[in-house]
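Structure first, commentary second.
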Amino acid sequence: MALYDNAAAKDLPLEQDLDLLARLLADTIRTETGEDTLKQIEAVRELAVRFVWEADSTAADELASTLATLSHDNTVALARAFSYFSHLSNIAEDLHHNRRRRYHRMQGSQPQRGSLAHSLDALVARGISAEAIKNMVAATLIAPVLTAHPTEVQRKTQLDCERTIARTLTMRDRQALTPEELEENQIALQRVVLTLWQTREIRAFKLSVKDEIENGLSYFRSTFLKQLPRIYIELEDRLSTLTGAPVTLPTFMHVGCWIGGDRDGNPFVTPEVTLHAAARQAAVAFDFYFEEATKLEGELSLSSRLVTVSEAVRLIAAGSPDQPISRAEEPYRQAMAAIRQRILATAHLLGKFRGEILPFEGAAPYACAADLVADLQAIATSLASHGSALLASGRLRRLIRAVTVFGFHLAPLDMRQHSGVHERLVAELFQKAGLEDYLALDEAARRTVLLRELASARLLVTPYVQYSEETAKELAIARTAAQVHAKYGAAALPNYIISNATSVSDLLEVAVLLKEVGLVALSPQPFAAVNIIPLFETIPDLRGSDSIVRELFGLPAWRQLLASRGNVQEIMLGYSDSNKDGGYLTSNWELYKAEVKLVEVFRQAGIQMRLFHGRGGSVGRGGGPSYEAILAQPAGSVAGQIRITEQGEIIAAKYSDAEVGRRNLETLLAATLSASFPPEQALQADTPERLELLERLSGMAYREYRDLVYATPEFITYFREATPISEIAKLNIGSRPAARKATNSIADLRAIPWVFSWAQSRLMLPGWYGFGTAIEDYRRERGEAAIEELAALYRDWPFFRATISNMEMVLAKSDIQIASRYATLVKDADIAARIFGRIKAEWRRSVDAVLAITGHKELLGDNPLLARSLKNRLPYLDPLNHIQVDLIKRFREGDESEDVLYAIHLTINGIAAGLRNSG
């Protein structure tokens, strides 16, 4: 461990891990494909190293010519080799981050920024009392929300293998192994690498929503069920120390899910699928509780001859159907056996659980999760009563917290649908009921008739009328939501999100729909079993969001519904479509302004605001470090209430490894706590001068972005031909279609493949385009004083600093030389020259602007860890781009064989892994 004290040698363990994994991969390739193939792969790698590390300008041409002469088999082998090295590098880097954090903790170093300890220490140092922190947490709701957006290229099989590699590699670091054990460990690694090499990386079938549900559930098994309770316990213990009294916190943090409930643009999310999602989630929760209860049954072997158990425990034990003579003196084991059997009975009552393998012998099911918690707490209390509190502080305490957080439903399932669907549904219900022509009504008239229907006890739907297929499906989904509530509890499906919300009537339409199934009512008393949440996505939507919410709060009926839900209104903000609509800088600025205005609207109304940030993995879709992003929010916009989407490959990157997953959950909590107590400088950050300057810069960037993307007729041709968008559409990476409509329009293309395609071609255009022109124009107006102003903003304003830092990361991952090769895919050379020339000039302006503002000599000048990581993987990433261009050219020129398409998809897999946050 002494080597960690030497700054020059602190990354030596990482280099050793990378070298080991590279050697194992090389050995596998040699065995599977032969020495000649390995030599070709190594020659390509050396050329790429010369180009990246030694800035050898001749290496690029040599690399391109070498790749062009490879046979198809060797091209596939090279694509697989470099792709797998990117994946293995990700594993090694994650483990090294874990290693460094553990070392700092072992040395008693100051808590690292982003940790729970660091945030609590900082708050206390600022004079925030422990009691105030505790009260804030008690009123807090924090939730990362898993979504099934299609940028996760990897199969679950691959992810499972990678988890095995991570566990095996960790053993070498944390245990003193004998030479024999070390050899056995290396052989185990070799086995998994061989398994990976002999496993098909690309799915041969289109993912179904049920497949996506199972993929999402794997993260609960590996990370959330075990790590989230530990975070609760750490916070309780720290607050107990600060307050000098035991602290038990209510549920304030959980993990949400869209998978199986989000049907916006996904026709495969049916009522049956939504019900299946709820059932599978419950089954995973019960599976975990059953296993933990079984382990506790084995651990709590205390004898009644040696300890005196409480009457409550004796009563629980008496309910055990299994009373062997060997357990006669072991009341805790008997009690846990009874609890285990009741868990099994409850699981069988609610849905599938281990088939019919395990009988439950007539044990009474639990009515609710609180009853299970009560039994477990009775055991903990009894243990404490005879001096055995230590025995209750481990697995038992974690299980109690897990049941409290995850309940019998595991994860709250969100529903989402487009406002246009609701409009058509209400129009048809009115038409079939002989009421007004809803589509002919203006906004004021729509509100009037919708409020009338909400106040009426009469239903619109009748079983004696036949409805259209779309309306019938939406009604069936609503009935399914009510069924989920009845079976699993209201916490199982608490939210309904409305995409493209542009008016108050959009929210009232959903309220009328939910009234039809008993989930919303105004009579005989106001009641809403579901949060109805508008999603503001485009630039115009964001600009009008405060007006819509103000008008909504002006409706007494809506205020009554909110009162029934604790006076909390959630608002979702869309990062993806706002970026596609207006570009990076404008999107970020409009989101920021919308939040500022919404804070004031909520303050005036006396309603608590919860923001749901629809962030993607890439910077172009709101990605970037979560900690800095949350701290960069406007003062007052967090206040202990935040939900954030976790999408695509980011879910695997953040939560596949349990330790990395815990760190990301902890970072989310730490940032929310810090942002909920904004310092004085944050409260005064939004000066009129800053707001005016950003408004000007945003306007300049917006005009340049819109002029290229929407006002240049040839741009859509360039995008379609100079990126692998059409090949991505053929990749089996998600159940959702790539576009909302079958058109050639950028507006109808989903933001996810839009961003993903630009990342593959290494331009990353959505993460920076327009910024360079804005800064150049401003410098033309203000001279060098402009850079001084902007540099001051970068130093002093968290919003601007986070915006620039994320853009700097994107620009560092881009490569204009590689992007120029993708431009050669455009059939019309004139279009390619004009569009790419314009993009290249803006890229140069943007790089120069970022360097001038940050004062860095090169990109990522203040982030050596990321710079090192990127430089380590470029020799493996760059060749994949060159191969991809050659394969796409071949494919589009007529060689549409499955082999060529498979090879293209291999490169997509590898590039996504190398970039990590590309979707």
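Identifiers for the structure tokens are assigned positionally: chains receive A, B, ... in sequence, residues are indexed from 1 per chain, and ligands are indexed from 1 in the order shown.
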Note to self: If we count only C-alpha atoms and set the cut-off at 12 Å, which residues sit around Gly387 of chain A, ignoring sequence neighbours fewer than 4 positions away in its own chain? Please answer as a PyMOL selection string.
What the structure shows: chain A and resi 306-309+380-383+391-392
Wanna dump the segment 657-760 of chain A-segment 95-107 of chain A contacts at 12 Å for me, each residue with its shortest atom pair and the distance in Å to one decimal, counting only C-alpha atoms, ordered by chain and number, as JSON lines?
```
{"residue": "A:Asp657", "atom": "CA", "partner": "A:Leu95", "partner_atom": "CA", "distance": 8.9}
{"residue": "A:Ala658", "atom": "CA", "partner": "A:Asn98", "partner_atom": "CA", "distance": 10.5}
{"residue": "A:Glu659", "atom": "CA", "partner": "A:Asn98", "partner_atom": "CA", "distance": 7.1}
{"residue": "A:Val660", "atom": "CA", "partner": "A:Asn98", "partner_atom": "CA", "distance": 7.1}
{"residue": "A:Gly661", "atom": "CA", "partner": "A:Asn98", "partner_atom": "CA", "distance": 10.7}
{"residue": "A:Arg662", "atom": "CA", "partner": "A:Asn98", "partner_atom": "CA", "distance": 10.6}
{"residue": "A:Arg663", "atom": "CA", "partner": "A:Asn98", "partner_atom": "CA", "distance": 9.0}
{"residue": "A:Asn664", "atom": "CA", "partner": "A:Asn98", "partner_atom": "CA", "distance": 11.8}
```
Check: Residues at most 12 Å from Glu299 of chain A, counting only C-alpha atoms, excluding those fewer than 6 positions away in the same chain, as a ChimeraX atom specification?
Finding: /A:292-293,330,332-334,336-337,391-392,394-396
Save the residues we just selected, N, CA, C and O atoms, as a PDB file, in the first residue's frame?
```pdb
ATOM      1  N   GLU A 292     -32.719 -13.805   2.677  1.00  0.00           N
ATOM      2  CA  GLU A 292     -32.153 -13.171   3.866  1.00  0.00           C
ATOM      3  C   GLU A 292     -32.761 -13.755   5.141  1.00  0.00           C
ATOM      4  O   GLU A 292     -32.057 -13.960   6.142  1.00  0.00           O
ATOM      5  N   ALA A 293     -34.059 -14.035   5.116  1.00  0.00           N
ATOM      6  CA  ALA A 293     -34.697 -14.646   6.282  1.00  0.00           C
ATOM      7  C   ALA A 293     -34.137 -16.043   6.533  1.00  0.00           C
ATOM      8  O   ALA A 293     -33.932 -16.449   7.683  1.00  0.00           O
ATOM      9  N   GLU A 330     -34.469 -23.077  20.482  1.00  0.00           N
ATOM     10  CA  GLU A 330     -33.968 -21.986  19.644  1.00  0.00           C
ATOM     11  C   GLU A 330     -35.126 -21.134  19.122  1.00  0.00           C
ATOM     12  O   GLU A 330     -35.534 -21.223  17.970  1.00  0.00           O
ATOM     13  N   TYR A 332     -35.462 -17.980  18.351  1.00  0.00           N
ATOM     14  CA  TYR A 332     -35.236 -17.046  17.250  1.00  0.00           C
ATOM     15  C   TYR A 332     -35.249 -17.786  15.912  1.00  0.00           C
ATOM     16  O   TYR A 332     -35.754 -17.270  14.901  1.00  0.00           O
ATOM     17  N   ARG A 333     -34.673 -18.975  15.903  1.00  0.00           N
ATOM     18  CA  ARG A 333     -34.724 -19.759  14.666  1.00  0.00           C
ATOM     19  C   ARG A 333     -36.167 -20.130  14.325  1.00  0.00           C
ATOM     20  O   ARG A 333     -36.574 -20.091  13.160  1.00  0.00           O
ATOM     21  N   GLN A 334     -36.930 -20.487  15.353  1.00  0.00           N
ATOM     22  CA  GLN A 334     -38.335 -20.815  15.109  1.00  0.00           C
ATOM     23  C   GLN A 334     -39.087 -19.592  14.574  1.00  0.00           C
ATOM     24  O   GLN A 334     -39.899 -19.698  13.654  1.00  0.00           O
ATOM     25  N   MET A 336     -37.807 -17.007  12.924  1.00  0.00           N
ATOM     26  CA  MET A 336     -37.396 -16.713  11.560  1.00  0.00           C
ATOM     27  C   MET A 336     -37.977 -17.731  10.579  1.00  0.00           C
ATOM     28  O   MET A 336     -38.294 -17.396   9.433  1.00  0.00           O
ATOM     29  N   ALA A 337     -38.127 -18.978  11.019  1.00  0.00           N
ATOM     30  CA  ALA A 337     -38.765 -19.985  10.163  1.00  0.00           C
ATOM     31  C   ALA A 337     -40.213 -19.593   9.886  1.00  0.00           C
ATOM     32  O   ALA A 337     -40.711 -19.730   8.759  1.00  0.00           O
ATOM     33  N   LEU A 391     -26.145  -8.376  17.464  1.00  0.00           N
ATOM     34  CA  LEU A 391     -26.628  -9.382  16.517  1.00  0.00           C
ATOM     35  C   LEU A 391     -27.731  -8.828  15.616  1.00  0.00           C
ATOM     36  O   LEU A 391     -27.980  -9.360  14.535  1.00  0.00           O
ATOM     37  N   ALA A 392     -28.390  -7.778  16.101  1.00  0.00           N
ATOM     38  CA  ALA A 392     -29.463  -7.180  15.297  1.00  0.00           C
ATOM     39  C   ALA A 392     -28.952  -6.087  14.387  1.00  0.00           C
ATOM     40  O   ALA A 392     -29.686  -5.602  13.521  1.00  0.00           O
ATOM     41  N   GLY A 394     -26.586  -6.127  12.067  1.00  0.00           N
ATOM     42  CA  GLY A 394     -26.039  -6.510  10.769  1.00  0.00           C
ATOM     43  C   GLY A 394     -27.119  -6.861   9.768  1.00  0.00           C
ATOM     44  O   GLY A 394     -27.884  -6.008   9.318  1.00  0.00           O
ATOM     45  N   ARG A 395     -27.195  -8.140   9.433  1.00  0.00           N
ATOM     46  CA  ARG A 395     -28.131  -8.585   8.397  1.00  0.00           C
ATOM     47  C   ARG A 395     -29.576  -8.232   8.743  1.00  0.00           C
ATOM     48  O   ARG A 395     -30.361  -7.820   7.874  1.00  0.00           O
ATOM     49  N   LEU A 396     -29.955  -8.378  10.009  1.00  0.00           N
ATOM     50  CA  LEU A 396     -31.340  -8.114  10.405  1.00  0.00           C
ATOM     51  C   LEU A 396     -31.694  -6.646  10.180  1.00  0.00           C
ATOM     52  O   LEU A 396     -32.761  -6.329   9.641  1.00  0.00           O
TER      53      LEU A 396
END
```
Check: Distance atom CA of Tyr705 of chain A-atom CA of Asn863 of chain A, one decimal place?
Finding: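 Straight-line distance from atom CA of Tyr705 of chain A to atom CA of Asn863 of chain A works out to 28.2 Å.
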Next item on the list: Within segment 515-569 of chain A, find each residue whose DSSP state, derived from the backbone, is helix (DSSP H, G or I), and express the selection as a list of chain:residue names.
Entry: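 Matching residues for helix (DSSP H, G or I) in segment 515-569 of chain A are A:Lys515, A:Ile539, A:Pro540, A:Asp541, A:Leu542, A:Arg543, A:Gly544, A:Ser545, A:Asp546, A:Ser547, A:Ile548, A:Val549, A:Arg550, A:Glu551, A:Leu552, A:Phe553, A:Pro556, A:Ala557, A:Trp558, A:Arg559, A:Gln560, A:Leu561, A:Leu562, A:Ala563.
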Item checked: Among listed residues A:Ile752, A:Val247, A:Val847, A:Pro324, nearest Gln647 of chain A (using only C-alpha atoms) ->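 Counting only C-alpha atoms, the residue closest to Gln647 of chain A is A:Ile752.
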Item checked: Among the residues A:Ala139, A:Ala671, A:Ala59, A:Leu665, the one that comes closest to Gly566 of chain A [using only C-alpha atoms] -> A:Ala139
Next item on the list: Record the distance separating atom CA of Asp121 of chain A and atom CA of Ser656 of chain A, expressed in Å with one decimal.
Entry: 29.1 Å
Counting only C-alpha atoms, what is within 12 Å of His118 of chain A, bar same-chain residues fewer than 2 positions away, as a PDB file with N, CA, C and O atoms, in the first residue's frame?
```pdb
ATOM      1  N   SER A 109      -7.950   9.577   5.590  1.00  0.00           N
ATOM      2  CA  SER A 109      -7.907  10.845   4.860  1.00  0.00           C
ATOM      3  C   SER A 109      -9.237  11.571   4.986  1.00  0.00           C
ATOM      4  O   SER A 109     -10.257  11.005   5.382  1.00  0.00           O
ATOM      5  N   GLN A 110      -9.218  12.840   4.639  1.00  0.00           N
ATOM      6  CA  GLN A 110     -10.450  13.618   4.636  1.00  0.00           C
ATOM      7  C   GLN A 110     -11.443  12.982   3.663  1.00  0.00           C
ATOM      8  O   GLN A 110     -11.052  12.483   2.606  1.00  0.00           O
ATOM      9  N   PRO A 111     -12.730  12.978   4.023  1.00  0.00           N
ATOM     10  CA  PRO A 111     -13.729  12.406   3.105  1.00  0.00           C
ATOM     11  C   PRO A 111     -13.660  13.056   1.733  1.00  0.00           C
ATOM     12  O   PRO A 111     -13.449  14.267   1.608  1.00  0.00           O
ATOM     13  N   GLN A 112     -13.827  12.248   0.713  1.00  0.00           N
ATOM     14  CA  GLN A 112     -13.729  12.752  -0.656  1.00  0.00           C
ATOM     15  C   GLN A 112     -14.992  13.496  -1.059  1.00  0.00           C
ATOM     16  O   GLN A 112     -16.096  13.171  -0.624  1.00  0.00           O
ATOM     17  N   ARG A 113     -14.822  14.492  -1.907  1.00  0.00           N
ATOM     18  CA  ARG A 113     -15.948  15.261  -2.423  1.00  0.00           C
ATOM     19  C   ARG A 113     -16.925  14.318  -3.111  1.00  0.00           C
ATOM     20  O   ARG A 113     -16.535  13.472  -3.914  1.00  0.00           O
ATOM     21  N   GLY A 114     -18.180  14.478  -2.781  1.00  0.00           N
ATOM     22  CA  GLY A 114     -19.202  13.605  -3.351  1.00  0.00           C
ATOM     23  C   GLY A 114     -19.618  12.497  -2.414  1.00  0.00           C
ATOM     24  O   GLY A 114     -20.613  11.826  -2.665  1.00  0.00           O
ATOM     25  N   SER A 115     -18.868  12.301  -1.314  1.00  0.00           N
ATOM     26  CA  SER A 115     -19.250  11.270  -0.347  1.00  0.00           C
ATOM     27  C   SER A 115     -20.254  11.840   0.642  1.00  0.00           C
ATOM     28  O   SER A 115     -20.354  13.060   0.838  1.00  0.00           O
ATOM     29  N   LEU A 116     -20.988  10.959   1.281  1.00  0.00           N
ATOM     30  CA  LEU A 116     -21.956  11.373   2.294  1.00  0.00           C
ATOM     31  C   LEU A 116     -21.251  12.057   3.454  1.00  0.00           C
ATOM     32  O   LEU A 116     -21.708  13.095   3.961  1.00  0.00           O
ATOM     33  N   LEU A 120     -21.981  15.948   4.782  1.00  0.00           N
ATOM     34  CA  LEU A 120     -22.417  16.204   6.157  1.00  0.00           C
ATOM     35  C   LEU A 120     -21.419  17.094   6.886  1.00  0.00           C
ATOM     36  O   LEU A 120     -21.806  18.037   7.601  1.00  0.00           O
ATOM     37  N   ASP A 121     -20.130  16.809   6.730  1.00  0.00           N
ATOM     38  CA  ASP A 121     -19.103  17.633   7.380  1.00  0.00           C
ATOM     39  C   ASP A 121     -19.186  19.079   6.895  1.00  0.00           C
ATOM     40  O   ASP A 121     -19.060  20.026   7.690  1.00  0.00           O
ATOM     41  N   ALA A 122     -19.388  19.260   5.592  1.00  0.00           N
ATOM     42  CA  ALA A 122     -19.465  20.611   5.032  1.00  0.00           C
ATOM     43  C   ALA A 122     -20.684  21.356   5.552  1.00  0.00           C
ATOM     44  O   ALA A 122     -20.616  22.555   5.856  1.00  0.00           O
ATOM     45  N   LEU A 123     -21.818  20.663   5.665  1.00  0.00           N
ATOM     46  CA  LEU A 123     -23.026  21.303   6.177  1.00  0.00           C
ATOM     47  C   LEU A 123     -22.848  21.713   7.629  1.00  0.00           C
ATOM     48  O   LEU A 123     -23.213  22.834   8.040  1.00  0.00           O
ATOM     49  N   VAL A 124     -22.294  20.825   8.441  1.00  0.00           N
ATOM     50  CA  VAL A 124     -22.070  21.126   9.856  1.00  0.00           C
ATOM     51  C   VAL A 124     -21.088  22.293   9.995  1.00  0.00           C
ATOM     52  O   VAL A 124     -21.271  23.192  10.825  1.00  0.00           O
ATOM     53  N   ALA A 125     -20.049  22.307   9.161  1.00  0.00           N
ATOM     54  CA  ALA A 125     -19.067  23.394   9.208  1.00  0.00           C
ATOM     55  C   ALA A 125     -19.697  24.743   8.872  1.00  0.00           C
ATOM     56  O   ALA A 125     -19.224  25.788   9.336  1.00  0.00           O
ATOM     57  N   LEU A 235     -26.209   6.825   7.007  1.00  0.00           N
ATOM     58  CA  LEU A 235     -26.732   8.158   7.304  1.00  0.00           C
ATOM     59  C   LEU A 235     -27.355   8.198   8.695  1.00  0.00           C
ATOM     60  O   LEU A 235     -27.146   9.169   9.447  1.00  0.00           O
ATOM     61  N   ARG A 238     -24.517   8.295  11.231  1.00  0.00           N
ATOM     62  CA  ARG A 238     -23.824   9.581  11.260  1.00  0.00           C
ATOM     63  C   ARG A 238     -24.680  10.653  11.926  1.00  0.00           C
ATOM     64  O   ARG A 238     -24.193  11.474  12.705  1.00  0.00           O
ATOM     65  N   GLU A 666     -24.744   6.972  -3.204  1.00  0.00           N
ATOM     66  CA  GLU A 666     -24.294   7.864  -2.142  1.00  0.00           C
ATOM     67  C   GLU A 666     -24.051   9.272  -2.676  1.00  0.00           C
ATOM     68  O   GLU A 666     -24.394  10.272  -2.022  1.00  0.00           O
ATOM     69  N   THR A 667     -23.468   9.371  -3.865  1.00  0.00           N
ATOM     70  CA  THR A 667     -23.214  10.674  -4.480  1.00  0.00           C
ATOM     71  C   THR A 667     -24.511  11.412  -4.743  1.00  0.00           C
ATOM     72  O   THR A 667     -24.612  12.631  -4.522  1.00  0.00           O
ATOM     73  N   LEU A 669     -27.323  11.096  -3.089  1.00  0.00           N
ATOM     74  CA  LEU A 669     -27.818  11.546  -1.786  1.00  0.00           C
ATOM     75  C   LEU A 669     -27.009  12.739  -1.278  1.00  0.00           C
ATOM     76  O   LEU A 669     -27.574  13.737  -0.817  1.00  0.00           O
ATOM     77  N   ALA A 670     -25.675  12.630  -1.366  1.00  0.00           N
ATOM     78  CA  ALA A 670     -24.812  13.701  -0.857  1.00  0.00           C
ATOM     79  C   ALA A 670     -25.075  15.010  -1.599  1.00  0.00           C
ATOM     80  O   ALA A 670     -25.159  16.083  -0.982  1.00  0.00           O
ATOM     81  N   ALA A 671     -25.209  14.932  -2.912  1.00  0.00           N
ATOM     82  CA  ALA A 671     -25.455  16.148  -3.691  1.00  0.00           C
ATOM     83  C   ALA A 671     -26.804  16.751  -3.362  1.00  0.00           C
ATOM     84  O   ALA A 671     -26.948  17.982  -3.275  1.00  0.00           O
ATOM     85  N   LEU A 673     -28.476  16.542  -0.521  1.00  0.00           N
ATOM     86  CA  LEU A 673     -28.384  17.189   0.790  1.00  0.00           C
ATOM     87  C   LEU A 673     -27.690  18.540   0.681  1.00  0.00           C
ATOM     88  O   LEU A 673     -28.147  19.545   1.242  1.00  0.00           O
ATOM     89  N   SER A 674     -26.570  18.568  -0.036  1.00  0.00           N
ATOM     90  CA  SER A 674     -25.825  19.823  -0.177  1.00  0.00           C
ATOM     91  C   SER A 674     -26.655  20.879  -0.895  1.00  0.00           C
ATOM     92  O   SER A 674     -26.692  22.046  -0.487  1.00  0.00           O
TER      93      SER A 674
END
```
Next item on the list: Would you list the contacts of segment 499-506 of chain A as a list in words, taking every protein, DNA or RNA residue within 6 Å and counting only C-alpha atoms, but skipping same-chain residues closer than 4 positions in sequence?
Entry: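 Near segment 499-506 of chain A, the qualifying residues are Gln417, His418, Ser419, Arg447, Pro534, Leu535, Phe536, Ile548 and Leu552 of chain A.
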Checklist line | Which of segment 250-386 of chain A DSSP labels strand (DSSP E or B), written as a PyMOL selection string | finding: chain A and resi 253+256-257+262
Pull N, CA, C and O atoms from the residues just selected and write them as a CSV table (one decimal), in the first residue's frame.
```
chain,number,residue,atom,x,y,z
A,253,MET,N,-35.5,7.6,0.0
A,253,MET,CA,-34.7,7.3,-1.2
A,253,MET,C,-35.1,5.9,-1.7
A,253,MET,O,-35.1,4.9,-0.9
A,256,GLY,N,-36.7,4.0,-8.8
A,256,GLY,CA,-37.9,3.9,-9.6
A,256,GLY,C,-37.6,3.2,-10.9
A,256,GLY,O,-36.5,2.8,-11.2
A,257,CYS,N,-38.7,3.0,-11.7
A,257,CYS,CA,-38.6,2.2,-13.0
A,257,CYS,C,-39.6,2.7,-13.9
A,257,CYS,O,-40.8,2.9,-13.6
A,262,ASP,N,-43.7,2.7,-19.5
A,262,ASP,CA,-43.5,3.8,-20.4
A,262,ASP,C,-44.0,3.3,-21.8
A,262,ASP,O,-43.3,2.5,-22.5
```
Check: So how far away is atom CA of Glu727 of chain A from atom CA of Ala823 of chain A, in Å?
Finding: 15.9 Å
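Among the candidates A:Ser757, A:Gln884, A:Gln466, A:Ser320, the residue lying nearest to Ala433 of chain A is A:Gln466 (atoms considered: only C-alpha atoms).
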